[in-house]
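Structure record follows, encoded as structure tokens.
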Amino acid sequence: MLWYILKLIVLLPLIGLMAWGALKLAQKLQERAGAGQGPKSVRIVETTMLSPTLKLAVIEFHGREILVSASRNGLTRLAEAPARERTAEVVR
């Protein structure tokens with residue numbers, strides 16, 4: 001019984017440390033994989049759910065903002081306008 005408790009005291013923090021290290025390694029690999037792509041030409045500005053099957057989205061593409069509806073049937077362009085100036089964005 002003493003041997004079991006001793007193993008538990010030693011191995012439980014070791015397993016927790018290994019799990020934490022695996023998460024940090026995965027995070028670094030994701031950052032590294034996304035870093036080499038360069039600037040993106042498409043950016044989703046805003047989305048709004050209208051119903052469970054219909055969503056409105058504003059997409060910025062090459063200096064234009066395009067309003068599209070996304071449904072099960074695909075995307076439909078609804079409107080287009082010049083892109084607005086970017087303000088300080090919230091970091092998620």
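Ligands are numbered from 1 in the order shown, chains are lettered A, B, ... in the order of the structure tokens, and residues start at 1 in each chain.
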Leaving out His62 (chain A) and any residue of its chain fewer than 6 positions from it, which residues lie within 10 Å of it when counting only C-alpha atoms, given as a ChimeraX atom specification? /A:40-43,82-83
Output the selection as a CSV table (one decimal), in the first residue's frame - N, CA and C atoms for each residue.
```csv
chain,number,residue,atom,x,y,z
A,40,LYS,N,-2.8,37.2,-45.9
A,40,LYS,CA,-3.9,36.6,-46.5
A,40,LYS,C,-4.7,37.6,-47.3
A,41,SER,N,-5.3,37.2,-48.5
A,41,SER,CA,-6.0,38.1,-49.3
A,41,SER,C,-7.5,38.1,-49.0
A,42,VAL,N,-8.0,37.1,-48.2
A,42,VAL,CA,-9.4,37.0,-47.8
A,42,VAL,C,-9.5,37.1,-46.3
A,43,ARG,N,-10.4,37.9,-45.8
A,43,ARG,CA,-10.6,38.0,-44.4
A,43,ARG,C,-12.1,38.1,-44.1
A,82,PRO,N,-16.7,49.3,-51.2
A,82,PRO,CA,-15.3,49.5,-50.8
A,82,PRO,C,-15.0,49.2,-49.4
A,83,ALA,N,-13.9,48.6,-49.0
A,83,ALA,CA,-13.5,48.3,-47.7
A,83,ALA,C,-13.4,49.5,-46.8
```
Any idea what's packed within 10 Å of region 48-51 of chain A, counting only C-alpha atoms, ignoring anything in its chain fewer than 5 positions away? Could you give it as a PDB file with N, CA and C atoms, in the first residue's frame?
```pdb
ATOM      1  N   LEU A  56     -25.305  35.187 -42.729  1.00  0.00           N
ATOM      2  CA  LEU A  56     -24.792  36.318 -43.496  1.00  0.00           C
ATOM      3  C   LEU A  56     -23.350  36.546 -43.094  1.00  0.00           C
ATOM      4  N   ALA A  57     -22.497  36.857 -44.070  1.00  0.00           N
ATOM      5  CA  ALA A  57     -21.093  37.107 -43.780  1.00  0.00           C
ATOM      6  C   ALA A  57     -20.602  38.270 -44.620  1.00  0.00           C
ATOM      7  N   VAL A  58     -19.744  39.090 -44.027  1.00  0.00           N
ATOM      8  CA  VAL A  58     -19.051  40.154 -44.747  1.00  0.00           C
ATOM      9  C   VAL A  58     -17.611  39.695 -44.899  1.00  0.00           C
ATOM     10  N   SER A  69     -24.533  35.441 -48.491  1.00  0.00           N
ATOM     11  CA  SER A  69     -25.358  34.579 -47.644  1.00  0.00           C
ATOM     12  C   SER A  69     -24.847  33.160 -47.834  1.00  0.00           C
ATOM     13  N   ALA A  70     -24.692  32.456 -46.739  1.00  0.00           N
ATOM     14  CA  ALA A  70     -24.211  31.077 -46.771  1.00  0.00           C
ATOM     15  C   ALA A  70     -25.338  30.167 -46.307  1.00  0.00           C
ATOM     16  N   SER A  71     -25.706  29.226 -47.173  1.00  0.00           N
ATOM     17  CA  SER A  71     -26.752  28.269 -46.837  1.00  0.00           C
ATOM     18  C   SER A  71     -26.296  26.886 -47.276  1.00  0.00           C
TER      19      SER A  71
END
```
List every residue of chain A that DSSP, applied to the backbone, labels as alpha helix (DSSP H), and write the result as a ChimeraX atom specification. /A:2-35
Where in chain A does DSSP assign strand (DSSP E), given as a ChimeraX atom specification? /A:42-51,54-61,64-71,74-82
Would you mind exporting the chosen residues as a CSV table (one decimal), in the first residue's frame, restricted to N, CA and C atoms?
```csv
chain,number,residue,atom,x,y,z
A,42,VAL,N,-8.0,37.1,-48.2
A,42,VAL,CA,-9.4,37.0,-47.8
A,42,VAL,C,-9.5,37.1,-46.3
A,43,ARG,N,-10.4,37.9,-45.8
A,43,ARG,CA,-10.6,38.0,-44.4
A,43,ARG,C,-12.1,38.1,-44.1
A,44,ILE,N,-12.6,37.4,-43.1
A,44,ILE,CA,-14.0,37.4,-42.7
A,44,ILE,C,-14.1,38.6,-41.7
A,45,VAL,N,-14.9,39.6,-42.0
A,45,VAL,CA,-15.0,40.7,-41.2
A,45,VAL,C,-16.1,40.5,-40.1
A,46,GLU,N,-17.2,39.9,-40.5
A,46,GLU,CA,-18.3,39.7,-39.6
A,46,GLU,C,-19.3,38.6,-40.1
A,47,THR,N,-19.9,37.9,-39.2
A,47,THR,CA,-20.9,36.9,-39.5
A,47,THR,C,-22.1,37.0,-38.6
A,48,THR,N,-23.2,36.7,-39.2
A,48,THR,CA,-24.5,36.8,-38.4
A,48,THR,C,-25.3,35.6,-38.8
A,49,MET,N,-25.8,34.8,-37.8
A,49,MET,CA,-26.7,33.7,-38.0
A,49,MET,C,-28.2,34.3,-38.2
A,50,LEU,N,-28.8,34.0,-39.3
A,50,LEU,CA,-30.2,34.3,-39.4
A,50,LEU,C,-31.1,33.2,-39.1
A,51,SER,N,-30.7,32.0,-39.3
A,51,SER,CA,-31.5,30.8,-39.0
A,51,SER,C,-30.5,29.7,-38.9
A,54,LEU,N,-29.0,29.4,-42.4
A,54,LEU,CA,-28.7,30.6,-43.2
A,54,LEU,C,-27.8,31.5,-42.3
A,55,LYS,N,-26.7,32.0,-43.0
A,55,LYS,CA,-25.8,32.8,-42.3
A,55,LYS,C,-25.4,34.0,-43.2
A,56,LEU,N,-25.3,35.2,-42.7
A,56,LEU,CA,-24.8,36.3,-43.5
A,56,LEU,C,-23.3,36.5,-43.1
A,57,ALA,N,-22.5,36.9,-44.1
A,57,ALA,CA,-21.1,37.1,-43.8
A,57,ALA,C,-20.6,38.3,-44.6
A,58,VAL,N,-19.7,39.1,-44.0
A,58,VAL,CA,-19.1,40.2,-44.7
A,58,VAL,C,-17.6,39.7,-44.9
A,59,ILE,N,-17.2,39.6,-46.2
A,59,ILE,CA,-15.8,39.1,-46.5
A,59,ILE,C,-15.0,40.2,-47.1
A,60,GLU,N,-13.8,40.5,-46.7
A,60,GLU,CA,-13.0,41.5,-47.3
A,60,GLU,C,-12.0,40.8,-48.3
A,61,PHE,N,-12.0,41.3,-49.5
A,61,PHE,CA,-11.2,40.6,-50.5
A,61,PHE,C,-10.6,41.7,-51.4
A,64,ARG,N,-12.2,45.2,-51.1
A,64,ARG,CA,-13.6,45.3,-51.3
A,64,ARG,C,-14.3,44.5,-50.1
A,65,GLU,N,-15.4,44.9,-49.7
A,65,GLU,CA,-16.2,44.1,-48.7
A,65,GLU,C,-17.4,43.6,-49.5
A,66,ILE,N,-17.6,42.3,-49.4
A,66,ILE,CA,-18.6,41.5,-50.1
A,66,ILE,C,-19.5,40.9,-49.1
A,67,LEU,N,-20.8,41.2,-49.2
A,67,LEU,CA,-21.9,40.6,-48.3
A,67,LEU,C,-22.4,39.4,-49.0
A,68,VAL,N,-22.2,38.2,-48.3
A,68,VAL,CA,-22.7,36.9,-48.9
A,68,VAL,C,-23.6,36.3,-47.9
A,69,SER,N,-24.5,35.4,-48.5
A,69,SER,CA,-25.4,34.6,-47.6
A,69,SER,C,-24.8,33.2,-47.8
A,70,ALA,N,-24.7,32.5,-46.7
A,70,ALA,CA,-24.2,31.1,-46.8
A,70,ALA,C,-25.3,30.2,-46.3
A,71,SER,N,-25.7,29.2,-47.2
A,71,SER,CA,-26.8,28.3,-46.8
A,71,SER,C,-26.3,26.9,-47.3
A,74,GLY,N,-25.0,26.8,-50.8
A,74,GLY,CA,-23.8,27.4,-51.2
A,74,GLY,C,-23.8,28.9,-50.8
A,75,LEU,N,-22.9,29.7,-51.4
A,75,LEU,CA,-22.8,31.1,-51.2
A,75,LEU,C,-23.5,31.9,-52.3
A,76,THR,N,-24.1,33.0,-51.9
A,76,THR,CA,-24.7,33.9,-52.8
A,76,THR,C,-24.2,35.3,-52.5
A,77,ARG,N,-23.7,36.0,-53.5
A,77,ARG,CA,-23.2,37.4,-53.3
A,77,ARG,C,-24.4,38.3,-53.3
A,78,LEU,N,-24.6,39.1,-52.2
A,78,LEU,CA,-25.7,40.0,-52.1
A,78,LEU,C,-25.4,41.4,-52.4
A,79,ALA,N,-24.2,41.9,-52.0
A,79,ALA,CA,-23.8,43.3,-52.2
A,79,ALA,C,-22.3,43.4,-52.1
A,80,GLU,N,-21.8,44.5,-52.6
A,80,GLU,CA,-20.3,44.8,-52.6
A,80,GLU,C,-20.1,46.2,-52.4
A,81,ALA,N,-19.1,46.6,-51.6
A,81,ALA,CA,-18.7,48.0,-51.3
A,81,ALA,C,-17.2,48.1,-51.1
A,82,PRO,N,-16.7,49.3,-51.2
A,82,PRO,CA,-15.3,49.5,-50.8
A,82,PRO,C,-15.0,49.2,-49.4
```
